[in-house]
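To start, the structure under review is shown below, and the notes come after it.
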Protein chains: 2
Amino acid sequence: MFNIVHRIGIQAPASRVYPALSTIEGLAGWWTRDTTGQSKVGESIAFTFRTKAGAELGRFDMEVLELSPGDRVRWRVKSGPADWVGTEVSFALAEQDGMTIVLFGHRGWREQGESMSHCSMKWAVFLLSLRDLVEKGAGQPCPDDVKIDNWN
Amino acid sequence: MFNIVHRIGIQAPASRVYPALSTIEGLAGWWTRDTTGQSKVGESIAFTFRTKAGAELGRFDMEVLELSPGDRVRWRVKSGPADWVGTEVSFALAEQDGMTIVLFGHRGWREQGESMSHCSMKWAVFLLSLRDLVEKGAGQPCPDDVKIDNWN
């Protein structure tokens with residue numbers, strides 16, 4: 001199994017970062033605007049990615065595994081692209097030096113190929129979007145996300 | 001062993017991306033301005049990271065393992081932070097859909113901890129800098145790099 005791991009610091013207390021990871025409105029502010037479902041342990045969240053014209057590009061359904069206020073959020077991919085199904089996404093928070101450090105993980109990839117490489121780069125771009133949402137009040141969620149290659 | 005892998009597309013032919021990866025001037029335009037040495041197979045390149053005031057923050061010495069014009073660049077870390085020594089950094093180029101896809105790898109990490117997580121995020125930011133250099137004529141090399149956390 002292979003893992004994507006990233007570390008980013010956000011100039012805000014964990015109590016302000018956590019809602020961006022644990023509420024539908026927060027997630028829609030930095031990952032994809034079309035975020036629906038229930039952010040409760042055992043429930044599911046649907047993340048749908050669309051073009052600016054509204055055409056569906058892809059969709060991930062995540063089961064919420066853990067919601068620890070100010071500390072950690074963890075999901076399991078229930079459906080979506082074949083190489084995502086069964087993988088786990090997590091965000092762990094820690095306050096250091098006046099900022100909140102987010103340790104991001106997307107774990108359980110079966111192949112370390114171009115798809116994972118694309119997703120690693122794309123997660124980094126979305127984590128910058130998360131930071132902008134918390135620090136500046138607006139992120140760049142899909143369809144306004146920063147495009148990184150010919151797959152997005 | 002653990003690997004960082006990223007994929008980014010640059011709107012330019014591989015013949016314009018390759019010099020940014022294979023010449024001292026090119027590397028100084030997106031990674032760190034203080035890049036010295038010789039970009040020849042078997043020789044070494046020194047990448048020194050400094051504050052804007054000029055204080056040294058860190059330095060990596062890379063042995064050039066491969067220089068395949070328009071195709072691939074590969075280095076091995078000879079000296080630097082302990083967890084970087086012995087790891088390999090590579091850039092593989094392929095033209096697709098009117099752009100050049102860069103497959104980036106930093107392979108051979110012995111631990112998948114916070115240091116690797118930091119570097120994964122930081123490499124993503126530097127690959128955006130590489131893209132800006134090639135597409136727009138100017139990147140954000142250190143000390144003008146985008147800061148990502150309390151370690152940089």
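Numbering starts fresh at 1 for the residues of each chain in the structure tokens, the chains themselves are lettered A, B, ... in the order given, and ligands are numbered from 1 as they appear.
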
With a cut-off of 6 Å, could you pull out the residues of chain A touching chain B and give me the nearest pair of atoms for each, distance in Å to one decimal, using only C-alpha atoms, ordered by chain and ascending number, as JSON lines?
```
{"residue": "A:Val5", "atom": "CA", "partner": "B:Ser117", "partner_atom": "CA", "distance": 4.9}
{"residue": "A:His6", "atom": "CA", "partner": "B:Ser117", "partner_atom": "CA", "distance": 4.1}
{"residue": "A:Arg7", "atom": "CA", "partner": "B:His118", "partner_atom": "CA", "distance": 4.7}
{"residue": "A:Ile8", "atom": "CA", "partner": "B:Asp149", "partner_atom": "CA", "distance": 5.1}
{"residue": "A:Gly9", "atom": "CA", "partner": "B:Asp149", "partner_atom": "CA", "distance": 4.0}
{"residue": "A:Ser117", "atom": "CA", "partner": "B:His6", "partner_atom": "CA", "distance": 4.1}
{"residue": "A:His118", "atom": "CA", "partner": "B:Arg7", "partner_atom": "CA", "distance": 4.7}
{"residue": "A:Ser120", "atom": "CA", "partner": "B:His6", "partner_atom": "CA", "distance": 5.7}
{"residue": "A:Met121", "atom": "CA", "partner": "B:His6", "partner_atom": "CA", "distance": 5.1}
{"residue": "A:Ala124", "atom": "CA", "partner": "B:Met121", "partner_atom": "CA", "distance": 5.8}
{"residue": "A:Ile148", "atom": "CA", "partner": "B:Ile8", "partner_atom": "CA", "distance": 5.4}
{"residue": "A:Asp149", "atom": "CA", "partner": "B:Gly9", "partner_atom": "CA", "distance": 4.0}
```

Please identify which residues in chain A DSSP calls helix (DSSP H, G or I) from the backbone, and express them as JSON, numbers by chain.
{"A": [14, 15, 16, 17, 18, 19, 20, 21, 22, 24, 25, 26, 27, 28, 114, 115, 116, 117, 118, 119, 120, 121, 122, 123, 124, 125, 126, 127, 128, 129, 130, 131, 132, 133, 134, 135, 136]}

The selected residues should be written to file as a compact mmCIF listing (two decimals), in the first residue's frame (atoms: N, CA, C and O atoms).
```txt
# COMPACT_ATOMS: atom_id res chain seq x y z
N ALA A 14 -6.91 25.89 15.82
CA ALA A 14 -7.52 24.65 15.33
C ALA A 14 -9.04 24.74 15.36
O ALA A 14 -9.72 24.13 14.52
N SER A 15 -9.56 25.53 16.30
CA SER A 15 -11.03 25.66 16.39
C SER A 15 -11.62 26.34 15.16
O SER A 15 -12.81 26.21 14.89
N ARG A 16 -10.79 27.05 14.38
CA ARG A 16 -11.28 27.65 13.14
C ARG A 16 -10.96 26.79 11.92
O ARG A 16 -11.62 26.90 10.89
N VAL A 17 -9.97 25.93 12.02
CA VAL A 17 -9.65 25.03 10.90
C VAL A 17 -10.62 23.86 10.89
O VAL A 17 -11.09 23.43 9.82
N TYR A 18 -10.95 23.36 12.07
CA TYR A 18 -11.77 22.15 12.16
C TYR A 18 -13.12 22.25 11.42
O TYR A 18 -13.49 21.30 10.69
N PRO A 19 -13.86 23.37 11.53
CA PRO A 19 -15.14 23.44 10.80
C PRO A 19 -14.98 23.34 9.28
O PRO A 19 -15.89 22.87 8.59
N ALA A 20 -13.83 23.75 8.76
CA ALA A 20 -13.61 23.66 7.31
C ALA A 20 -13.44 22.21 6.86
O ALA A 20 -13.53 21.90 5.67
N LEU A 21 -13.19 21.32 7.83
CA LEU A 21 -12.98 19.90 7.53
C LEU A 21 -14.15 19.03 7.98
O LEU A 21 -14.26 17.88 7.56
N SER A 22 -15.00 19.58 8.81
CA SER A 22 -16.02 18.75 9.46
C SER A 22 -17.45 19.17 9.16
O SER A 22 -18.38 18.54 9.67
N ILE A 24 -20.35 20.43 6.02
CA ILE A 24 -20.62 20.43 4.57
C ILE A 24 -20.26 21.80 3.98
O ILE A 24 -19.60 21.90 2.95
N GLU A 25 -20.67 22.87 4.68
CA GLU A 25 -20.38 24.22 4.18
C GLU A 25 -18.87 24.48 4.12
O GLU A 25 -18.36 25.07 3.17
N GLY A 26 -18.17 24.02 5.17
CA GLY A 26 -16.72 24.21 5.19
C GLY A 26 -16.04 23.48 4.03
O GLY A 26 -15.23 24.06 3.30
N LEU A 27 -16.38 22.23 3.84
CA LEU A 27 -15.77 21.42 2.77
C LEU A 27 -16.07 22.01 1.39
O LEU A 27 -15.22 21.99 0.50
N ALA A 28 -17.29 22.54 1.24
CA ALA A 28 -17.68 23.14 -0.05
C ALA A 28 -16.91 24.42 -0.33
O ALA A 28 -16.90 24.90 -1.47
N GLU A 114 0.68 7.07 -12.15
CA GLU A 114 0.40 8.46 -12.52
C GLU A 114 -0.85 8.99 -11.87
O GLU A 114 -0.96 10.18 -11.58
N SER A 115 -1.83 8.14 -11.62
CA SER A 115 -3.06 8.61 -10.98
C SER A 115 -2.77 9.10 -9.57
O SER A 115 -3.21 10.19 -9.16
N MET A 116 -1.99 8.33 -8.82
CA MET A 116 -1.63 8.77 -7.47
C MET A 116 -0.78 10.03 -7.53
O MET A 116 -0.94 10.94 -6.70
N SER A 117 0.12 10.11 -8.50
CA SER A 117 0.96 11.30 -8.64
C SER A 117 0.11 12.54 -8.91
O SER A 117 0.34 13.62 -8.35
N HIS A 118 -0.88 12.37 -9.79
CA HIS A 118 -1.82 13.47 -10.07
C HIS A 118 -2.55 13.87 -8.79
O HIS A 118 -2.65 15.07 -8.47
N CYS A 119 -3.06 12.91 -8.08
CA CYS A 119 -3.84 13.21 -6.87
C CYS A 119 -2.98 13.84 -5.78
O CYS A 119 -3.45 14.71 -5.03
N SER A 120 -1.72 13.43 -5.68
CA SER A 120 -0.83 14.02 -4.69
C SER A 120 -0.66 15.52 -4.95
O SER A 120 -0.77 16.35 -4.05
N MET A 121 -0.40 15.84 -6.22
CA MET A 121 -0.24 17.26 -6.60
C MET A 121 -1.55 18.01 -6.39
O MET A 121 -1.56 19.14 -5.89
N LYS A 122 -2.64 17.37 -6.74
CA LYS A 122 -3.94 18.05 -6.64
C LYS A 122 -4.35 18.28 -5.18
O LYS A 122 -4.89 19.33 -4.84
N TRP A 123 -4.07 17.30 -4.32
CA TRP A 123 -4.35 17.50 -2.89
C TRP A 123 -3.56 18.70 -2.36
O TRP A 123 -4.06 19.49 -1.55
N ALA A 124 -2.31 18.83 -2.79
CA ALA A 124 -1.49 19.96 -2.33
C ALA A 124 -2.16 21.28 -2.72
O ALA A 124 -2.24 22.22 -1.92
N VAL A 125 -2.66 21.34 -3.94
CA VAL A 125 -3.33 22.55 -4.41
C VAL A 125 -4.61 22.80 -3.59
O VAL A 125 -4.91 23.94 -3.22
N PHE A 126 -5.34 21.74 -3.29
CA PHE A 126 -6.56 21.92 -2.48
C PHE A 126 -6.23 22.29 -1.02
O PHE A 126 -7.01 22.99 -0.37
N LEU A 127 -5.10 21.84 -0.50
CA LEU A 127 -4.71 22.26 0.85
C LEU A 127 -4.36 23.75 0.87
O LEU A 127 -4.63 24.44 1.86
N LEU A 128 -3.78 24.26 -0.22
CA LEU A 128 -3.57 25.72 -0.31
C LEU A 128 -4.92 26.43 -0.35
O LEU A 128 -5.08 27.53 0.21
N SER A 129 -5.90 25.80 -1.00
CA SER A 129 -7.26 26.35 -1.05
C SER A 129 -7.89 26.36 0.35
O SER A 129 -8.52 27.35 0.77
N LEU A 130 -7.69 25.27 1.09
CA LEU A 130 -8.15 25.20 2.49
C LEU A 130 -7.54 26.34 3.31
O LEU A 130 -8.23 27.03 4.07
N ARG A 131 -6.26 26.54 3.14
CA ARG A 131 -5.58 27.61 3.88
C ARG A 131 -6.17 28.98 3.53
O ARG A 131 -6.41 29.81 4.42
N ASP A 132 -6.38 29.20 2.23
CA ASP A 132 -6.97 30.48 1.81
C ASP A 132 -8.36 30.66 2.40
O ASP A 132 -8.73 31.77 2.80
N LEU A 133 -9.14 29.59 2.42
CA LEU A 133 -10.49 29.69 3.00
C LEU A 133 -10.42 30.15 4.46
O LEU A 133 -11.12 31.08 4.87
N VAL A 134 -9.55 29.50 5.23
CA VAL A 134 -9.49 29.82 6.66
C VAL A 134 -8.82 31.17 6.91
O VAL A 134 -9.30 31.97 7.70
N GLU A 135 -7.74 31.44 6.19
CA GLU A 135 -6.99 32.68 6.47
C GLU A 135 -7.62 33.91 5.82
O GLU A 135 -7.55 35.01 6.37
N LYS A 136 -8.19 33.73 4.62
CA LYS A 136 -8.66 34.89 3.84
C LYS A 136 -10.16 34.92 3.63
O LYS A 136 -10.70 35.88 3.08
```

Write out as a JSON list (two decimals) with N, CA, C and O atoms, in the first residue's frame the set of residues from segment 2-31 of chain B that DSSP, computed on the backbone, places in strand (DSSP E).
```json
[["chain", "number", "residue", "atom", "x", "y", "z"],
["B", 2, "PHE", "N", 9.88, 4.83, 1.14],
["B", 2, "PHE", "CA", 8.68, 5.60, 0.78],
["B", 2, "PHE", "C", 9.04, 6.66, -0.27],
["B", 2, "PHE", "O", 10.18, 7.12, -0.31],
["B", 3, "ASN", "N", 8.05, 7.00, -1.07],
["B", 3, "ASN", "CA", 8.30, 7.91, -2.18],
["B", 3, "ASN", "C", 7.30, 9.07, -2.21],
["B", 3, "ASN", "O", 6.11, 8.86, -1.95],
["B", 4, "ILE", "N", 7.77, 10.24, -2.59],
["B", 4, "ILE", "CA", 6.90, 11.36, -2.93],
["B", 4, "ILE", "C", 6.77, 11.35, -4.46],
["B", 4, "ILE", "O", 7.78, 11.28, -5.16],
["B", 5, "VAL", "N", 5.54, 11.39, -4.96],
["B", 5, "VAL", "CA", 5.34, 11.44, -6.41],
["B", 5, "VAL", "C", 4.30, 12.52, -6.73],
["B", 5, "VAL", "O", 3.30, 12.64, -6.03],
["B", 6, "HIS", "N", 4.57, 13.30, -7.75],
["B", 6, "HIS", "CA", 3.65, 14.35, -8.19],
["B", 6, "HIS", "C", 3.60, 14.35, -9.73],
["B", 6, "HIS", "O", 4.55, 13.92, -10.38],
["B", 7, "ARG", "N", 2.49, 14.90, -10.24],
["B", 7, "ARG", "CA", 2.31, 15.02, -11.70],
["B", 7, "ARG", "C", 1.80, 16.41, -12.00],
["B", 7, "ARG", "O", 0.80, 16.83, -11.43],
["B", 8, "ILE", "N", 2.51, 17.14, -12.87],
["B", 8, "ILE", "CA", 2.06, 18.48, -13.25],
["B", 8, "ILE", "C", 2.22, 18.66, -14.76],
["B", 8, "ILE", "O", 3.14, 18.08, -15.36],
["B", 9, "GLY", "N", 1.32, 19.43, -15.34],
["B", 9, "GLY", "CA", 1.38, 19.71, -16.78],
["B", 9, "GLY", "C", 1.81, 21.15, -17.01],
["B", 9, "GLY", "O", 1.35, 22.05, -16.31],
["B", 10, "ILE", "N", 2.66, 21.34, -17.98],
["B", 10, "ILE", "CA", 3.18, 22.68, -18.30],
["B", 10, "ILE", "C", 2.88, 22.98, -19.76],
["B", 10, "ILE", "O", 3.15, 22.15, -20.64]]
```

What lies within 9 Å of segment 61-73 of chain A using only C-alpha atoms, ignoring chain neighbours under 2 positions off, as a short mmCIF file (atom, residue, chain, number, x, y, z; two decimals) with C-alpha atoms, in the first residue's frame?
```
data_model
loop_
_atom_site.label_atom_id
_atom_site.label_comp_id
_atom_site.auth_asym_id
_atom_site.auth_seq_id
_atom_site.Cartn_x
_atom_site.Cartn_y
_atom_site.Cartn_z
CA PRO A 13 -6.46 28.27 15.84
CA ALA A 14 -7.52 24.65 15.33
CA SER A 15 -11.03 25.66 16.39
CA ARG A 16 -11.28 27.65 13.14
CA VAL A 17 -9.65 25.03 10.90
CA TYR A 18 -11.77 22.15 12.16
CA PRO A 19 -15.14 23.44 10.80
CA LEU A 21 -12.98 19.90 7.53
CA SER A 22 -16.02 18.75 9.46
CA GLN A 38 -24.13 14.43 6.38
CA SER A 39 -20.85 14.98 8.17
CA LYS A 40 -21.56 12.60 11.04
CA VAL A 41 -19.70 9.43 12.01
CA GLY A 42 -21.27 6.52 10.13
CA GLU A 43 -22.96 8.79 7.58
CA SER A 44 -21.73 9.71 4.12
CA ILE A 45 -20.63 12.82 2.29
CA ALA A 46 -20.84 13.08 -1.52
CA PHE A 47 -18.22 15.21 -3.24
CA THR A 48 -19.15 15.89 -6.87
CA ARG A 59 -17.79 11.93 -7.68
CA TRP A 75 -13.10 9.29 5.96
CA ARG A 76 -13.16 6.06 3.93
CA VAL A 77 -13.90 6.16 0.21
CA LYS A 78 -17.04 4.12 -0.40
CA SER A 79 -17.43 4.79 -4.11
CA GLY A 80 -15.70 6.74 -6.82
CA GLU A 88 -8.70 6.52 3.63
CA VAL A 89 -8.38 10.29 3.85
CA SER A 90 -7.44 11.97 7.12
CA PHE A 91 -6.64 15.38 8.54
CA ALA A 92 -4.90 15.66 11.92
CA LEU A 93 -4.56 19.08 13.57
CA ALA A 94 -1.96 20.40 16.01
#
```

* Asked: Suppose you want the space between atom CA of Arg33 of chain B and atom CA of Gln140 of chain B; what is it in Å?
  ->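 It comes out at 9.3 Å.
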
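Every protein, DNA or RNA residue with an atom at most 10 Å from Asp144 of chain A, where only C-alpha atoms count and chain neighbours fewer than 3 positions away do not, is listed here: Trp30, Trp31, Thr32, Arg33, Arg50, Thr51, Lys52, Gly139, Gln140, Pro141 and Lys147 of chain A.
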
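Atom CA of Asp145 of chain B lies 27.1 Å from atom CA of Glu95 of chain B.
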
Point-to-point distance in Å for atom CA of Asp34 of chain A and atom CA of Pro81 of chain A:
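We find that atom CA of Pro81 of chain A and atom CA of Asp34 of chain A lie 17.2 Å from each other.
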